[in-house]
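These notes are about the structure you will find just below.
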Amino acid sequence: MTQLYSPNMLKTFDKCPEKYFFKYIKNISMPVNENIFTFGKNIHALASYYLKGENIEQMEKSLTQKEHEVWNYLKNTEYFRFECINTEYNLSVKIGNNFFGGRIDALVKNDNTYYILDYKTGSAPKNAVYDFQTMIYLLSVKAFFSTKNVIFVYIDLKNKQDVKVELNNDLINEYENRLLQIESKISSGNYFPSKKDCKNCEYGKICYDKLLN
């Protein structure tokens, strides 16, 4: 059966296969604090409307001081002057027998180069080149638009800096191999716990139950 893997699914499995089992195989949902995500959602919504040419004056008036500071920094980046292809853009790519995909914050174009924009209200990934989000989105844009001129840009709003990853032939081959390898591990059905960060895991209280049996 063909499966669609998102970056979050792969990150979850890579961190703890048992957590992946609870979340994506057994579909066990755990409560989360939605207030944590409100700030990021507001910035993403503003960016999406702005890039599409919508009037956001009223939305800007409702921002907190902190949101204003972050938003002003974001909208004045060079990428917001490029041609907007789409925002909140669902793209996927088939590798092997399965699909890998997710939702891109924004895709813009300057000359013949496509820029995948990802806004981080926290920090950018420590190893952005091999982040699953980087791999999947770069390969998806390459496949859909039939071009290798693609750059992934993490816009780190916390530290006010950009982290760029430019696609090349070596990365294409390595990305495809890495995605096939982790998909193979997931398909093996071995969901053993990692025991790395159980205290801070929302599934920590149930991960020792006999739900695997």
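By order in the structure tokens, chains are A, B, ...; within a chain, residues start at 1; ligands start at 1, following the order shown.
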Nearby residues (only C-alpha atoms) at most 10 Å from region 125-131 of chain A, same-chain spacing under 5 positions excluded, as number ranges by chain: A: 7, 10-11, 120, 136, 152-154, 156, 163-167, 171, 174-175, 178
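Excluding Tyr89 (chain A) itself and any same-chain residue fewer than 3 positions from it, the protein and nucleic acid residues within 8 Å of it, counting only C-alpha atoms, are Asn86, Arg103, Ile104, Asp105, Ala106 and Leu107 of chain A.
From CA of Glu176 (chain A) back to CA of Ser194 (chain A), the distance works out to 24.6 Å.
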Using only C-alpha atoms, which residues sit within 8 Å of region 58-73 of chain A once same-chain residues fewer than 4 positions away are excluded, as a PyMOL selection string? chain A and resi 39+43+46+77+157+160
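Minimum atom-to-atom distances from A:Phe21, A:Thr147, A:Arg81, A:Ile95 to Gln181 (chain A) were compared using only C-alpha atoms, and the lowest value belongs to A:Ile95.
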One decimal, in Å: what's the spacing between CA of Lys52 (chain A) and CA of Lys142 (chain A)?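 About the pair CA of Lys52 (chain A) and CA of Lys142 (chain A): they are 22.5 Å apart.
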